[in-house]
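In what follows, a single structure is set out as structure tokens and then discussed.
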Amino acid sequence: MPKMKTHSSLKDRIKVTGTGKVRRQKAYQNHLMYGKAKSQKQRLGKSPIMAAGDVARLKQQIANLK
């Protein structure tokens with residue numbers, strides 16, 4: 001049987017923490033940052049933990065990340 005490979009685009013978009021939680025990135029932080037408020041830019045800088053339902057959906061693709 002061939003090995004199960006990690007989805008290539010997924011390994012750049014998410015990170016697995018030491019405890020096994022999955023961190024994702026937020027949208028709206030690529031360009032036009034000068035028009036956004038300082039507080040919005042600070043909020044966008046933090047990467048939140050992905051919801052449990054989304055992690056369960058992506059579990060097969062992220063099996064090889066940790």
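Ligands are numbered from 1 in the order shown, chains are lettered A, B, ... in the order of the structure tokens, and residues start at 1 in each chain.
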Strand (DSSP E or B) positions in chain A, given as a JSON list (two decimals) with N, CA and C atoms, in the first residue's frame:
```json
[["chain", "number", "residue", "atom", "x", "y", "z"],
["A", 15, "LYS", "N", -0.54, 24.96, 11.67],
["A", 15, "LYS", "CA", 0.56, 24.47, 12.51],
["A", 15, "LYS", "C", -0.05, 23.69, 13.65],
["A", 16, "VAL", "N", 0.59, 22.59, 14.04],
["A", 16, "VAL", "CA", 0.13, 21.78, 15.16],
["A", 16, "VAL", "C", 0.96, 22.16, 16.37],
["A", 22, "VAL", "N", -4.58, 22.57, 16.76],
["A", 22, "VAL", "CA", -4.23, 23.06, 15.42],
["A", 22, "VAL", "C", -4.46, 24.56, 15.37],
["A", 23, "ARG", "N", -3.43, 25.30, 14.96],
["A", 23, "ARG", "CA", -3.54, 26.75, 14.81],
["A", 23, "ARG", "C", -3.74, 27.07, 13.34],
["A", 49, "ILE", "N", -6.89, 29.05, 17.57],
["A", 49, "ILE", "CA", -6.97, 27.58, 17.53],
["A", 49, "ILE", "C", -8.17, 27.19, 16.66]]
```
For Pro48 of chain A, work out the shell of residues within 10 Å, counting only C-alpha atoms and skipping chain neighbours fewer than 4 positions away, then give it as a PyMOL selection string.
chain A and resi 22-26+43-44
State, in Å with one decimal place, the distance from atom CA of His31 of chain A to atom CA of Asp54 of chain A.
26.5 Å
What lies within 12 Å of Gln40 of chain A using only C-alpha atoms, ignoring chain neighbours under 6 positions off, as a PDB file with all heavy atoms, in the first residue's frame?
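And here is the file that came out, part_12.pdb:
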```pdb
ATOM      1  N   LYS A  26      -5.654  33.948  10.103  1.00  0.00           N
ATOM      2  CA  LYS A  26      -6.837  34.759   9.847  1.00  0.00           C
ATOM      3  C   LYS A  26      -6.737  35.416   8.477  1.00  0.00           C
ATOM      4  O   LYS A  26      -5.644  35.598   7.943  1.00  0.00           O
ATOM      5  CB  LYS A  26      -6.970  35.842  10.915  1.00  0.00           C
ATOM      6  CG  LYS A  26      -7.330  35.307  12.278  1.00  0.00           C
ATOM      7  CD  LYS A  26      -7.564  36.441  13.227  1.00  0.00           C
ATOM      8  CE  LYS A  26      -7.977  35.925  14.591  1.00  0.00           C
ATOM      9  NZ  LYS A  26      -8.191  37.013  15.529  1.00  0.00           N
ATOM     10  N   ALA A  27      -7.882  35.796   7.946  1.00  0.00           N
ATOM     11  CA  ALA A  27      -7.936  36.479   6.661  1.00  0.00           C
ATOM     12  C   ALA A  27      -7.731  37.988   6.865  1.00  0.00           C
ATOM     13  O   ALA A  27      -7.652  38.467   7.998  1.00  0.00           O
ATOM     14  CB  ALA A  27      -9.284  36.224   5.993  1.00  0.00           C
ATOM     15  N   TYR A  28      -7.651  38.720   5.775  1.00  0.00           N
ATOM     16  CA  TYR A  28      -7.558  40.192   5.749  1.00  0.00           C
ATOM     17  C   TYR A  28      -6.242  40.727   6.296  1.00  0.00           C
ATOM     18  O   TYR A  28      -6.207  41.803   6.863  1.00  0.00           O
ATOM     19  CB  TYR A  28      -8.724  40.835   6.531  1.00  0.00           C
ATOM     20  CG  TYR A  28     -10.075  40.397   6.063  1.00  0.00           C
ATOM     21  CD1 TYR A  28     -10.853  39.563   6.854  1.00  0.00           C
ATOM     22  CD2 TYR A  28     -10.557  40.788   4.825  1.00  0.00           C
ATOM     23  CE1 TYR A  28     -12.088  39.147   6.430  1.00  0.00           C
ATOM     24  CE2 TYR A  28     -11.793  40.381   4.394  1.00  0.00           C
ATOM     25  CZ  TYR A  28     -12.557  39.558   5.197  1.00  0.00           C
ATOM     26  OH  TYR A  28     -13.786  39.131   4.758  1.00  0.00           O
ATOM     27  N   GLN A  29      -5.144  40.007   6.113  1.00  0.00           N
ATOM     28  CA  GLN A  29      -3.875  40.557   6.584  1.00  0.00           C
ATOM     29  C   GLN A  29      -2.774  40.478   5.529  1.00  0.00           C
ATOM     30  O   GLN A  29      -1.594  40.464   5.858  1.00  0.00           O
ATOM     31  CB  GLN A  29      -3.431  39.856   7.861  1.00  0.00           C
ATOM     32  CG  GLN A  29      -3.322  38.367   7.795  1.00  0.00           C
ATOM     33  CD  GLN A  29      -2.894  37.775   9.128  1.00  0.00           C
ATOM     34  OE1 GLN A  29      -2.412  38.474  10.004  1.00  0.00           O
ATOM     35  NE2 GLN A  29      -3.057  36.481   9.271  1.00  0.00           N
ATOM     36  N   MET A  33      -2.770  47.217   4.538  1.00  0.00           N
ATOM     37  CA  MET A  33      -2.741  47.252   5.996  1.00  0.00           C
ATOM     38  C   MET A  33      -2.775  48.684   6.530  1.00  0.00           C
ATOM     39  O   MET A  33      -3.193  48.906   7.659  1.00  0.00           O
ATOM     40  CB  MET A  33      -1.490  46.535   6.528  1.00  0.00           C
ATOM     41  CG  MET A  33      -1.467  45.052   6.220  1.00  0.00           C
ATOM     42  SD  MET A  33      -2.829  44.153   6.951  1.00  0.00           S
ATOM     43  CE  MET A  33      -2.294  44.044   8.620  1.00  0.00           C
ATOM     44  N   TYR A  34      -2.347  49.652   5.718  1.00  0.00           N
ATOM     45  CA  TYR A  34      -2.324  51.046   6.188  1.00  0.00           C
ATOM     46  C   TYR A  34      -3.722  51.596   6.405  1.00  0.00           C
ATOM     47  O   TYR A  34      -3.913  52.561   7.126  1.00  0.00           O
ATOM     48  CB  TYR A  34      -1.555  51.938   5.202  1.00  0.00           C
ATOM     49  CG  TYR A  34      -2.095  51.914   3.796  1.00  0.00           C
ATOM     50  CD1 TYR A  34      -3.150  52.733   3.408  1.00  0.00           C
ATOM     51  CD2 TYR A  34      -1.546  51.061   2.850  1.00  0.00           C
ATOM     52  CE1 TYR A  34      -3.639  52.708   2.130  1.00  0.00           C
ATOM     53  CE2 TYR A  34      -2.041  51.026   1.563  1.00  0.00           C
ATOM     54  CZ  TYR A  34      -3.079  51.852   1.212  1.00  0.00           C
ATOM     55  OH  TYR A  34      -3.577  51.820  -0.069  1.00  0.00           O
ATOM     56  N   LYS A  46      -2.676  37.563  15.841  1.00  0.00           N
ATOM     57  CA  LYS A  46      -2.769  36.355  16.662  1.00  0.00           C
ATOM     58  C   LYS A  46      -3.416  35.234  15.856  1.00  0.00           C
ATOM     59  O   LYS A  46      -4.414  35.437  15.187  1.00  0.00           O
ATOM     60  CB  LYS A  46      -3.595  36.646  17.917  1.00  0.00           C
ATOM     61  CG  LYS A  46      -2.970  37.712  18.792  1.00  0.00           C
ATOM     62  CD  LYS A  46      -3.819  37.973  20.003  1.00  0.00           C
ATOM     63  CE  LYS A  46      -3.103  38.876  20.964  1.00  0.00           C
ATOM     64  NZ  LYS A  46      -3.313  40.271  20.717  1.00  0.00           N
TER      65      LYS A  46
END
```
Any idea what the distance is between atom CA of Lys11 of chain A and atom CA of Ser47 of chain A?
15.1 Å
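Here atom CA of Leu10 of chain A is placed at a distance of 16.4 Å from atom CA of Gly53 of chain A.
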